[in-house]
Amino acid sequence: MSRFLPLAEAVESAIRDGDTVAMEGFTHLIPFAAGHEVIRQRRRHLTLIRMTPDLIYDQLIGMGCADKLVFSWVGNPGVGSLHRFRDAYEHGWPAPLAIEEHSHAAMANAYEAGAAGLPLAIFRGYLGVDLPKVNPNIKHVTCPFTGERLAAVPAIRPDVAVIHALKADRAGNVLIEGIVGVQKEAVLAARRSVVTVEEIVEDFGSRSANAVILPSWTVGAIACVPGGAHPSYAHGYYKRDNAYYKAWDAIARDRDTFLAWMKANVLEQGPEAFAVHSMRLRAAAE
Amino acid sequence: MSRFLPLAEAVESAIRDGDTVAMEGFTHLIPFAAGHEVIRQRRRHLTLIRMTPDLIYDQLIGMGCADKLVFSWVGNPGVGSLHRFRDAYEHGWPAPLAIEEHSHAAMANAYEAGAAGLPLAIFRGYLGVDLPKVNPNIKHVTCPFTGERLAAVPAIRPDVAVIHALKADRAGNVLIEGIVGVQKEAVLAARRSVVTVEEIVEDFGSRSANAVILPSWTVGAIACVPGGAHPSYAHGYYKRDNAYYKAWDAIARDRDTFLAWMKANVLEQGPEAFAVHSMRLRAAAE
Amino acid sequence: MDYSADEMMTVAAARALRNSDICFVGIGMPSAACNLARLTHAPDITLIYESGTIATKPDVLPLSIGDGELCDTALTTVSVPEMFRYWLQGGRFTIGFLGGAQIDRFANLNTTVVGPYQKPKTRLPGGGGAPEISSACGEIFIIMRQAPRSFVAKLDFVTSFGHGEGGDHRARMGIATKGPTKLITDLAVFEPDPGSKEMTVTAIHPGVTRERIAANTGWPVRYATQVDETPAPTAEELSVLRGLHARTARAHGDAA
Amino acid sequence: MDYSADEMMTVAAARALRNSDICFVGIGMPSAACNLARLTHAPDITLIYESGTIATKPDVLPLSIGDGELCDTALTTVSVPEMFRYWLQGGRFTIGFLGGAQIDRFANLNTTVVGPYQKPKTRLPGGGGAPEISSACGEIFIIMRQAPRSFVAKLDFVTSFGHGEGGDHRARMGIATKGPTKLITDLAVFEPDPGSKEMTVTAIHPGVTRERIAANTGWPVRYATQVDETPAPTAEELSVLRGLHARTARAHGDAA
């Protein structure tokens, strides 16, 4: 059964130093508010899993929360590099960062296998490429019917999944709509979960019979954080803050600029700051 | 690109003697109208695949269309045996019938693997049971990461998938809602497909961003057959005709009664008969 | 208040369910028991059918596992591959509730064939979801009427695995779940002996004798050191169950 | 009408697409080319992004692969595991349209690292969907600006497999798809030689010299026996492309 908690308690209840954490959201619904809370709680030695690390992991890595990153595409989409990631990986600042690199297909299949309770995912992939030479977690299995050799990767089974969703109902069920990415799989694959939502409603009302819903008993802690996906977006609530993504490049290039920005915008702020951003974006859209 | 055709042409264009055919629909949306057309066209030597053969396959088998049945639960749900299936399997009337038997989990995974373009499905199943002793298509693979031994079955890749859906739009996209079963997987796994629909609409209009839709280019022939799932049901159109399912038991018990019923209700009828049934059910519901 | 043996069986089965259970519901008698529990002492129980309907609250019992009623009253409905991958294999069920055609003393079930598989005396429906339900759900409840031809010394075919040959057989098979923990019949309630895992009578329904149980069981029946009498169905349990069956009969056009 | 080399490249890339294509669209220049095709000669082309958005018709170019615009204008949106399993691995794409950081003469791509993998000179974003797009799509189109450091004799890392070492290397790898059939740059259009599969210039953009191509290619460039001049962008192509970029800039708040 899911529990409604303030964000700080939700994160505290689920995430410990040394945990393997998957904060998912494919461009859409990236859980920035929860990520910032992890930074405020100064978690350390995390293994961070995410297909597209995005700004949220650049911030966590730059603040020294992570020992290792598992990913398939690491960048600021349409803008350039994640400078904090590169500084940590290439120069060990503020701490050395280990990486485990996959393709999108491998990670998507590995989340799917994790949700399905399997120990591995098999797929037709990594043909003729170099990644298997540098990632020992890429193996192969042979089909006993056709003899085809397929790629195999371990299922992703994080200690904690963190996602941002659109709505929870009073019973603690969670609704996602739009670009659903791998969020459902991440929560079903994880031992514990933290879900932030735009709003809590009495019930979901009329909806598709096949709506993407995580039932209460599959979810851990739920925190209502309007705007909690900013500068990512929430379908039907507010648009992606592309200007923020572009501005991040300059902020993250320099260590001191980054630290000052994080102090002012994360360490000295709380979840309520996100509502301000999303309201500004909604206003701008009108 | 899908093509709109009259039912007879749709079936003629896709299904040939000796084909492997999957007519799916999990209680909901069973493609009876298309199945009856296959009987009228006197197709022979078909391998019929279906998780729950239901009345539609009892009728096809009793009319001598099938050489083999691949299934995981064969019965008249809540009523009893499928007498035509048993007569064919146990006494070879009207023709001998070979079977390949699986569990639901195996077949659901095999359809999923077929849709995913994989040669096999792996799952945690068949533990301690006898089916692997009598079905040589149940093998095992060992996880290279954990050493766990998992069950493996070949992916289902039928020559033809036949389903009944709710709507098609003018562009030939197909919408399914409610209990979606394995219909989407069956169509994506098959080389060819026949889709009957309750209605053709200009466009689907406002819907869930994640609606279950088969795009036009994944579908073969589409035939508009209102009531085409009767005595199964179509979510939002008409209810399941449970009385028909119960009446079938007596009809199918006796070879002559069965043949007479098929002559009057299938051989001498056309697709338009289904609209009558569904309108009767809709009227009764009001 | 007068009641039938089937009503006693269904009521006893419903009582075994907890309000917090996540239950994979088989069609027929298991479905009746699960919905009786939901309509009496376990209003929040989560009922899931293999058709993909999650947290469904049917007002009438489905004739088939995929009746529209199940979808109309569900929290949401997923595809059948997802049901078997993310939900069943994913280990999200506390209880799997099954019926069967043949059972042995270790609660292995046969719903496949009577007689040899290749040339059966009677061809039964087959396993459906049962083989994987039996290994993936936290524990298994079984509801079956007792009769010599259904409670047999040896199964013609093992469709789903209970306690195998007993003892630690499940563990030796690498199965971590508990397997059958309750077998509810029209005569009694059986539970596995902690050591041997043989299904052992722990409660007898009112008015049922050990002789009658013996006469309807194909193996020498063992009894727990303490055997209780099953409390008779309450008036509420009976009225809710009968109301459910009456609504169901009307909905399925039996009245018509 | 005056135009830039990037505009010529995008227009030439768009022209390579057919109205009947089902295209897996990479972000950036491929996305611009695919949407230009959709807004000009290929109105019915099916564009799919790895975020799960199927048959999307964005009015502005996405900055990221999962912008809301893609979902709002899509026929439907599926999960990312489904996109990679049922749609990409399922073999439903006629074209995969990619960009890259480094390319070699057999159109193998590197978007992973410059320098050694363990201690890179420059760490690039990595493969994303490219490794499996390259093997699963019917054919691959690549759009890249030419420069000596991007068109290299030897890749530091093979992120996605083109024609490997050339000849029948794909077939020997058990890959049935065609691989890179067009490489569109700011200077020319390359296509694989039928035998060696080396990417060979088949068309040169107006005003571009072979010297300039040689100066921007890290291997001795081969030319087809017949080399055409790429028709210059039409007024319509340019106005549609510029309109698309203008709408995109406004939407992304660059104007602001």
# chains A, B, ... in the order shown; residues from 1 in each chain; ligands from 1

call {"tool": "closest_atom_pairs", "arguments": {"of": "chain B", "to": "chain D", "cutoff": "8 Å", "atoms": "only C-alpha atoms", "output": "CSV"}}
result
residue,atom,partner,partner_atom,distance
B:Ala115,CA,D:Tyr86,CA,5.3
B:Ala116,CA,D:Tyr86,CA,4.1
B:Gly117,CA,D:Gly90,CA,4.3
B:Leu118,CA,D:Gly90,CA,7.8
B:Leu188,CA,D:Tyr86,CA,7.4
B:Ala209,CA,D:Thr76,CA,5.7
B:Asn210,CA,D:Thr77,CA,5.0
B:Ala211,CA,D:Thr76,CA,6.1
B:Val212,CA,D:Thr76,CA,7.5
B:Ile213,CA,D:Thr76,CA,6.7
B:Pro215,CA,D:Leu75,CA,7.9
B:Thr218,CA,D:Arg92,CA,7.9

call {"tool": "write_last_selection", "arguments": {"atoms": "C-alpha atoms", "output": "PDB file, in the first residue's frame"}}
result
ATOM      1  CA  ALA B 115       5.487  -9.325 -31.907  1.00  0.00           C
ATOM      2  CA  ALA B 116       8.986  -8.398 -30.716  1.00  0.00           C
ATOM      3  CA  GLY B 117      10.634 -10.232 -33.618  1.00  0.00           C
ATOM      4  CA  LEU B 118      12.403 -12.710 -31.330  1.00  0.00           C
ATOM      5  CA  LEU B 188       2.236  -7.735 -35.039  1.00  0.00           C
ATOM      6  CA  ALA B 209      -2.571   9.514 -25.575  1.00  0.00           C
ATOM      7  CA  ASN B 210      -1.734   5.865 -25.009  1.00  0.00           C
ATOM      8  CA  ALA B 211      -4.732   4.279 -26.740  1.00  0.00           C
ATOM      9  CA  VAL B 212      -4.181   0.747 -28.045  1.00  0.00           C
ATOM     10  CA  ILE B 213      -3.963   1.367 -31.789  1.00  0.00           C
ATOM     11  CA  PRO B 215      -1.333   1.709 -37.289  1.00  0.00           C
ATOM     12  CA  THR B 218       0.793  -2.953 -39.532  1.00  0.00           C
TER      13      THR B 218
END

call {"tool": "closest_atom_pairs", "arguments": {"of": "chain B", "to": "chain A", "cutoff": "8 Å", "atoms": "only C-alpha atoms", "output": "CSV"}}
result
residue,atom,partner,partner_atom,distance
B:Leu118,CA,A:Phe123,CA,7.2
B:Pro119,CA,A:Thr146,CA,6.9
B:Leu120,CA,A:Cys143,CA,6.8
B:Phe123,CA,A:Leu118,CA,7.2
B:Arg124,CA,A:Leu118,CA,7.4
B:Lys139,CA,A:Pro144,CA,7.2
B:His140,CA,A:Pro144,CA,7.6
B:Val141,CA,A:Pro144,CA,7.4
B:Cys143,CA,A:Leu120,CA,6.8
B:Pro144,CA,A:Lys139,CA,7.2
B:Phe145,CA,A:Pro154,CA,6.6
B:Thr146,CA,A:Pro119,CA,6.9
B:Glu148,CA,A:Pro119,CA,7.8
B:Pro154,CA,A:Phe145,CA,6.6
B:Glu177,CA,A:Ala209,CA,6.5
B:Gly178,CA,A:Ala209,CA,5.2
B:Arg207,CA,A:Ser208,CA,7.6
B:Ser208,CA,A:Ser208,CA,6.1
B:Ala209,CA,A:Gly178,CA,5.2
B:Asn210,CA,A:Gly178,CA,6.3
B:Ala211,CA,A:Asn210,CA,7.5
B:Val212,CA,A:Asn210,CA,7.9

call {"tool": "write_last_selection", "arguments": {"atoms": "N, CA and C atoms", "output": "PDB file, in the first residue's frame"}}
result
ATOM      1  N   LEU B 118      11.446 -11.759 -31.917  1.00  0.00           N
ATOM      2  CA  LEU B 118      12.403 -12.710 -31.330  1.00  0.00           C
ATOM      3  C   LEU B 118      12.067 -14.130 -31.762  1.00  0.00           C
ATOM      4  N   PRO B 119      13.051 -15.016 -31.793  1.00  0.00           N
ATOM      5  CA  PRO B 119      12.754 -16.406 -32.173  1.00  0.00           C
ATOM      6  C   PRO B 119      12.151 -17.227 -31.028  1.00  0.00           C
ATOM      7  N   LEU B 120      12.315 -16.748 -29.805  1.00  0.00           N
ATOM      8  CA  LEU B 120      11.823 -17.522 -28.648  1.00  0.00           C
ATOM      9  C   LEU B 120      11.370 -16.585 -27.542  1.00  0.00           C
ATOM     10  N   PHE B 123      10.718 -17.547 -19.921  1.00  0.00           N
ATOM     11  CA  PHE B 123       9.910 -17.197 -18.756  1.00  0.00           C
ATOM     12  C   PHE B 123      10.160 -18.210 -17.652  1.00  0.00           C
ATOM     13  N   ARG B 124       9.694 -17.850 -16.437  1.00  0.00           N
ATOM     14  CA  ARG B 124       9.843 -18.760 -15.295  1.00  0.00           C
ATOM     15  C   ARG B 124       8.568 -19.577 -15.240  1.00  0.00           C
ATOM     16  N   LYS B 139      11.509 -26.064 -24.148  1.00  0.00           N
ATOM     17  CA  LYS B 139      12.912 -26.299 -23.841  1.00  0.00           C
ATOM     18  C   LYS B 139      13.342 -25.351 -22.720  1.00  0.00           C
ATOM     19  N   HIS B 140      14.624 -25.272 -22.470  1.00  0.00           N
ATOM     20  CA  HIS B 140      15.110 -24.394 -21.398  1.00  0.00           C
ATOM     21  C   HIS B 140      16.360 -23.660 -21.817  1.00  0.00           C
ATOM     22  N   VAL B 141      16.576 -22.477 -21.224  1.00  0.00           N
ATOM     23  CA  VAL B 141      17.835 -21.753 -21.385  1.00  0.00           C
ATOM     24  C   VAL B 141      18.340 -21.395 -19.984  1.00  0.00           C
ATOM     25  N   CYS B 143      20.333 -18.747 -17.560  1.00  0.00           N
ATOM     26  CA  CYS B 143      20.734 -17.345 -17.455  1.00  0.00           C
ATOM     27  C   CYS B 143      22.237 -17.248 -17.235  1.00  0.00           C
ATOM     28  N   PRO B 144      22.965 -16.554 -18.126  1.00  0.00           N
ATOM     29  CA  PRO B 144      24.425 -16.467 -17.978  1.00  0.00           C
ATOM     30  C   PRO B 144      24.862 -15.600 -16.793  1.00  0.00           C
ATOM     31  N   PHE B 145      23.919 -14.900 -16.176  1.00  0.00           N
ATOM     32  CA  PHE B 145      24.270 -14.039 -15.040  1.00  0.00           C
ATOM     33  C   PHE B 145      23.991 -14.719 -13.701  1.00  0.00           C
ATOM     34  N   THR B 146      22.868 -15.467 -13.635  1.00  0.00           N
ATOM     35  CA  THR B 146      22.454 -16.054 -12.346  1.00  0.00           C
ATOM     36  C   THR B 146      22.519 -17.585 -12.349  1.00  0.00           C
ATOM     37  N   GLU B 148      20.158 -19.346 -13.375  1.00  0.00           N
ATOM     38  CA  GLU B 148      18.792 -19.863 -13.291  1.00  0.00           C
ATOM     39  C   GLU B 148      18.380 -20.510 -14.610  1.00  0.00           C
ATOM     40  N   PRO B 154       9.103 -21.560 -28.564  1.00  0.00           N
ATOM     41  CA  PRO B 154       9.293 -20.781 -29.794  1.00  0.00           C
ATOM     42  C   PRO B 154       8.314 -19.611 -29.837  1.00  0.00           C
ATOM     43  N   GLU B 177     -10.048  -1.477 -27.364  1.00  0.00           N
ATOM     44  CA  GLU B 177     -10.132  -0.964 -25.999  1.00  0.00           C
ATOM     45  C   GLU B 177     -10.831  -1.996 -25.136  1.00  0.00           C
ATOM     46  N   GLY B 178     -10.511  -1.978 -23.839  1.00  0.00           N
ATOM     47  CA  GLY B 178     -11.125  -2.914 -22.899  1.00  0.00           C
ATOM     48  C   GLY B 178     -10.177  -4.077 -22.637  1.00  0.00           C
ATOM     49  N   ARG B 207      -8.966  10.931 -27.403  1.00  0.00           N
ATOM     50  CA  ARG B 207      -8.725   9.596 -26.845  1.00  0.00           C
ATOM     51  C   ARG B 207      -7.518   9.680 -25.926  1.00  0.00           C
ATOM     52  N   SER B 208      -7.268   8.609 -25.190  1.00  0.00           N
ATOM     53  CA  SER B 208      -6.063   8.548 -24.376  1.00  0.00           C
ATOM     54  C   SER B 208      -4.834   8.673 -25.277  1.00  0.00           C
ATOM     55  N   ALA B 209      -3.822   9.394 -24.811  1.00  0.00           N
ATOM     56  CA  ALA B 209      -2.571   9.514 -25.575  1.00  0.00           C
ATOM     57  C   ALA B 209      -1.934   8.144 -25.777  1.00  0.00           C
ATOM     58  N   ASN B 210      -2.337   7.196 -24.953  1.00  0.00           N
ATOM     59  CA  ASN B 210      -1.734   5.865 -25.009  1.00  0.00           C
ATOM     60  C   ASN B 210      -2.738   4.796 -25.457  1.00  0.00           C
ATOM     61  N   ALA B 211      -3.713   5.212 -26.251  1.00  0.00           N
ATOM     62  CA  ALA B 211      -4.732   4.279 -26.740  1.00  0.00           C
ATOM     63  C   ALA B 211      -4.071   3.108 -27.469  1.00  0.00           C
ATOM     64  N   VAL B 212      -4.705   1.936 -27.373  1.00  0.00           N
ATOM     65  CA  VAL B 212      -4.181   0.747 -28.045  1.00  0.00           C
ATOM     66  C   VAL B 212      -4.613   0.796 -29.513  1.00  0.00           C
TER      67      VAL B 212
END

call {"tool": "residues_around", "arguments": {"residues": "Ala224 (chain C)", "least_positions_apart": "4", "cutoff": "10 Å", "atoms": "only C-alpha atoms", "output": "CSV table (one decimal) with C-alpha atoms, in the first residue's frame"}}
result
chain,number,residue,atom,x,y,z
C,190,PHE,CA,-7.2,-29.3,4.7
C,191,GLU,CA,-3.8,-27.6,5.4
C,192,PRO,CA,-0.3,-29.0,4.7
C,193,ASP,CA,1.4,-30.8,7.5
C,199,MET,CA,-2.7,-32.1,3.1
C,200,THR,CA,-4.2,-32.7,6.5
C,201,VAL,CA,-7.7,-32.0,7.8
C,202,THR,CA,-7.7,-29.1,10.2
C,203,ALA,CA,-11.5,-28.4,10.2
C,228,ASP,CA,-12.0,-27.8,14.7

call {"tool": "residues_around", "arguments": {"residues": "region 47-55 of chain A", "least_positions_apart": "5", "cutoff": "6 Å", "atoms": "only C-alpha atoms", "output": "list in words"}}
result
Thr20, Val21, Ala22, Ala66, Asp67, Lys68, Leu69, Val70, Phe71, Ser72, Trp73, Val74, Gly75 and Asn76 of chain A

call {"tool": "write_last_selection", "arguments": {"atoms": "C-alpha atoms", "output": "PDB file, in the first residue's frame"}}
result
ATOM      1  CA  THR A  20      20.999   1.755  -6.505  1.00  0.00           C
ATOM      2  CA  VAL A  21      18.489   4.361  -7.656  1.00  0.00           C
ATOM      3  CA  ALA A  22      16.633   4.717 -10.951  1.00  0.00           C
ATOM      4  CA  ALA A  66      26.987   9.261  -6.997  1.00  0.00           C
ATOM      5  CA  ASP A  67      29.726   6.645  -7.233  1.00  0.00           C
ATOM      6  CA  LYS A  68      28.487   5.083 -10.455  1.00  0.00           C
ATOM      7  CA  LEU A  69      26.297   5.894 -13.445  1.00  0.00           C
ATOM      8  CA  VAL A  70      24.455   3.308 -15.572  1.00  0.00           C
ATOM      9  CA  PHE A  71      23.165   4.889 -18.794  1.00  0.00           C
ATOM     10  CA  SER A  72      22.631   4.638 -22.552  1.00  0.00           C
ATOM     11  CA  TRP A  73      22.767   8.290 -23.709  1.00  0.00           C
ATOM     12  CA  VAL A  74      24.399  10.983 -21.595  1.00  0.00           C
ATOM     13  CA  GLY A  75      23.884  14.569 -22.686  1.00  0.00           C
ATOM     14  CA  ASN A  76      21.814  17.733 -22.537  1.00  0.00           C
TER      15      ASN A  76
END

call {"tool": "atom_distance", "arguments": {"atom1": "CA of Gly128 (chain C)", "atom2": "CA of Arg170 (chain C)"}}
result
20.8 Å

call {"tool": "residues_around", "arguments": {"residues": "Glu229 (chain D)", "least_positions_apart": "6", "cutoff": "7 Å", "atoms": "only C-alpha atoms", "output": "VMD selection string"}}
result
chain D and resid 203 to 206

call {"tool": "atom_distance", "arguments": {"atom1": "CA of Glu100 (chain A)", "atom2": "CA of Ser232 (chain A)"}}
result
24.6 Å

call {"tool": "residues_around", "arguments": {"residues": "Asp169 (chain A)", "least_positions_apart": "4", "cutoff": "10 Å", "atoms": "only C-alpha atoms", "output": "PyMOL selection string"}}
result
chain A and resi 173-175+199-205+215-216

call {"tool": "closest_residue", "arguments": {"among": "C:Glu237, C:Ser160, C:Asn19, C:Arg222", "to": "Ile45 (chain C)", "atoms": "only C-alpha atoms"}}
result
C:Asn19

call {"tool": "closest_residue", "arguments": {"among": "D:Pro81, D:Arg212, D:Gly26, D:Val189", "to": "chain C", "atoms": "only C-alpha atoms"}}
result
D:Pro81

call {"tool": "residues_around", "arguments": {"residues": "Val152 (chain D)", "least_positions_apart": "5", "cutoff": "8 Å", "atoms": "only C-alpha atoms", "output": "list in words"}}
result
Gln102, Ile103, Asp104, Arg105, Thr217, Gly218 and Trp219 of chain D

call {"tool": "atom_distance", "arguments": {"atom1": "CA of Leu281 (chain A)", "atom2": "CA of His83 (chain A)"}}
result
25.9 Å

call {"tool": "closest_residue", "arguments": {"among": "D:Pro62, D:Pro180, D:Gly166, D:Gly99", "to": "Arg145 (chain D)", "atoms": "only C-alpha atoms"}}
result
D:Gly99

call {"tool": "decode", "arguments": {"residues": "region 131-140 of chain D", "atoms": "all heavy atoms", "output": "PDB file, in the first residue's frame"}}
result
ATOM      1  N   PRO D 131      22.770   1.738 -31.973  1.00  0.00           N
ATOM      2  CA  PRO D 131      23.298   0.398 -32.275  1.00  0.00           C
ATOM      3  C   PRO D 131      22.231  -0.544 -32.836  1.00  0.00           C
ATOM      4  O   PRO D 131      22.497  -1.273 -33.808  1.00  0.00           O
ATOM      5  CB  PRO D 131      23.809  -0.090 -30.915  1.00  0.00           C
ATOM      6  CG  PRO D 131      24.154   1.165 -30.177  1.00  0.00           C
ATOM      7  CD  PRO D 131      23.104   2.168 -30.614  1.00  0.00           C
ATOM      8  N   GLU D 132      21.025  -0.519 -32.280  1.00  0.00           N
ATOM      9  CA  GLU D 132      19.971  -1.420 -32.753  1.00  0.00           C
ATOM     10  C   GLU D 132      19.202  -0.827 -33.928  1.00  0.00           C
ATOM     11  O   GLU D 132      18.708  -1.563 -34.785  1.00  0.00           O
ATOM     12  CB  GLU D 132      19.046  -1.806 -31.605  1.00  0.00           C
ATOM     13  CG  GLU D 132      19.663  -2.829 -30.643  1.00  0.00           C
ATOM     14  CD  GLU D 132      20.740  -2.244 -29.756  1.00  0.00           C
ATOM     15  OE1 GLU D 132      20.716  -1.021 -29.515  1.00  0.00           O
ATOM     16  OE2 GLU D 132      21.631  -3.004 -29.303  1.00  0.00           O
ATOM     17  N   ILE D 133      19.101   0.495 -34.008  1.00  0.00           N
ATOM     18  CA  ILE D 133      18.497   1.116 -35.193  1.00  0.00           C
ATOM     19  C   ILE D 133      19.273   0.671 -36.436  1.00  0.00           C
ATOM     20  O   ILE D 133      18.698   0.281 -37.453  1.00  0.00           O
ATOM     21  CB  ILE D 133      18.509   2.658 -35.081  1.00  0.00           C
ATOM     22  CG1 ILE D 133      17.547   3.130 -33.995  1.00  0.00           C
ATOM     23  CG2 ILE D 133      18.148   3.313 -36.419  1.00  0.00           C
ATOM     24  CD1 ILE D 133      17.661   4.615 -33.661  1.00  0.00           C
ATOM     25  N   SER D 134      20.591   0.661 -36.309  1.00  0.00           N
ATOM     26  CA  SER D 134      21.452   0.357 -37.462  1.00  0.00           C
ATOM     27  C   SER D 134      21.282  -1.053 -37.985  1.00  0.00           C
ATOM     28  O   SER D 134      21.483  -1.308 -39.169  1.00  0.00           O
ATOM     29  CB  SER D 134      22.922   0.574 -37.081  1.00  0.00           C
ATOM     30  OG  SER D 134      23.115   1.887 -36.615  1.00  0.00           O
ATOM     31  N   SER D 135      20.914  -1.976 -37.098  1.00  0.00           N
ATOM     32  CA  SER D 135      20.747  -3.356 -37.570  1.00  0.00           C
ATOM     33  C   SER D 135      19.284  -3.699 -37.859  1.00  0.00           C
ATOM     34  O   SER D 135      19.016  -4.573 -38.686  1.00  0.00           O
ATOM     35  CB  SER D 135      21.322  -4.343 -36.535  1.00  0.00           C
ATOM     36  OG  SER D 135      20.751  -4.133 -35.262  1.00  0.00           O
ATOM     37  N   ALA D 136      18.329  -3.010 -37.236  1.00  0.00           N
ATOM     38  CA  ALA D 136      16.918  -3.423 -37.343  1.00  0.00           C
ATOM     39  C   ALA D 136      16.133  -2.716 -38.452  1.00  0.00           C
ATOM     40  O   ALA D 136      15.144  -3.257 -38.938  1.00  0.00           O
ATOM     41  CB  ALA D 136      16.211  -3.212 -36.003  1.00  0.00           C
ATOM     42  N   CYS D 137      16.551  -1.518 -38.838  1.00  0.00           N
ATOM     43  CA  CYS D 137      15.787  -0.790 -39.864  1.00  0.00           C
ATOM     44  C   CYS D 137      16.169  -1.285 -41.264  1.00  0.00           C
ATOM     45  O   CYS D 137      17.319  -1.670 -41.494  1.00  0.00           O
ATOM     46  CB  CYS D 137      16.040   0.713 -39.762  1.00  0.00           C
ATOM     47  SG  CYS D 137      15.459   1.436 -38.209  1.00  0.00           S
ATOM     48  N   GLY D 138      15.225  -1.243 -42.180  1.00  0.00           N
ATOM     49  CA  GLY D 138      15.450  -1.731 -43.541  1.00  0.00           C
ATOM     50  C   GLY D 138      16.674  -1.121 -44.193  1.00  0.00           C
ATOM     51  O   GLY D 138      17.506  -1.813 -44.767  1.00  0.00           O
ATOM     52  N   GLU D 139      16.798   0.194 -44.135  1.00  0.00           N
ATOM     53  CA  GLU D 139      18.032   0.867 -44.557  1.00  0.00           C
ATOM     54  C   GLU D 139      18.298   2.063 -43.653  1.00  0.00           C
ATOM     55  O   GLU D 139      17.401   2.500 -42.933  1.00  0.00           O
ATOM     56  CB  GLU D 139      17.996   1.269 -46.035  1.00  0.00           C
ATOM     57  CG  GLU D 139      16.705   1.812 -46.538  1.00  0.00           C
ATOM     58  CD  GLU D 139      16.709   1.952 -48.082  1.00  0.00           C
ATOM     59  OE1 GLU D 139      17.695   2.456 -48.646  1.00  0.00           O
ATOM     60  OE2 GLU D 139      15.695   1.589 -48.699  1.00  0.00           O
ATOM     61  N   ILE D 140      19.521   2.557 -43.708  1.00  0.00           N
ATOM     62  CA  ILE D 140      19.937   3.656 -42.840  1.00  0.00           C
ATOM     63  C   ILE D 140      20.352   4.851 -43.694  1.00  0.00           C
ATOM     64  O   ILE D 140      21.130   4.707 -44.633  1.00  0.00           O
ATOM     65  CB  ILE D 140      21.126   3.228 -41.946  1.00  0.00           C
ATOM     66  CG1 ILE D 140      20.733   2.044 -41.047  1.00  0.00           C
ATOM     67  CG2 ILE D 140      21.627   4.416 -41.117  1.00  0.00           C
ATOM     68  CD1 ILE D 140      19.632   2.336 -40.051  1.00  0.00           C
TER      69      ILE D 140
END
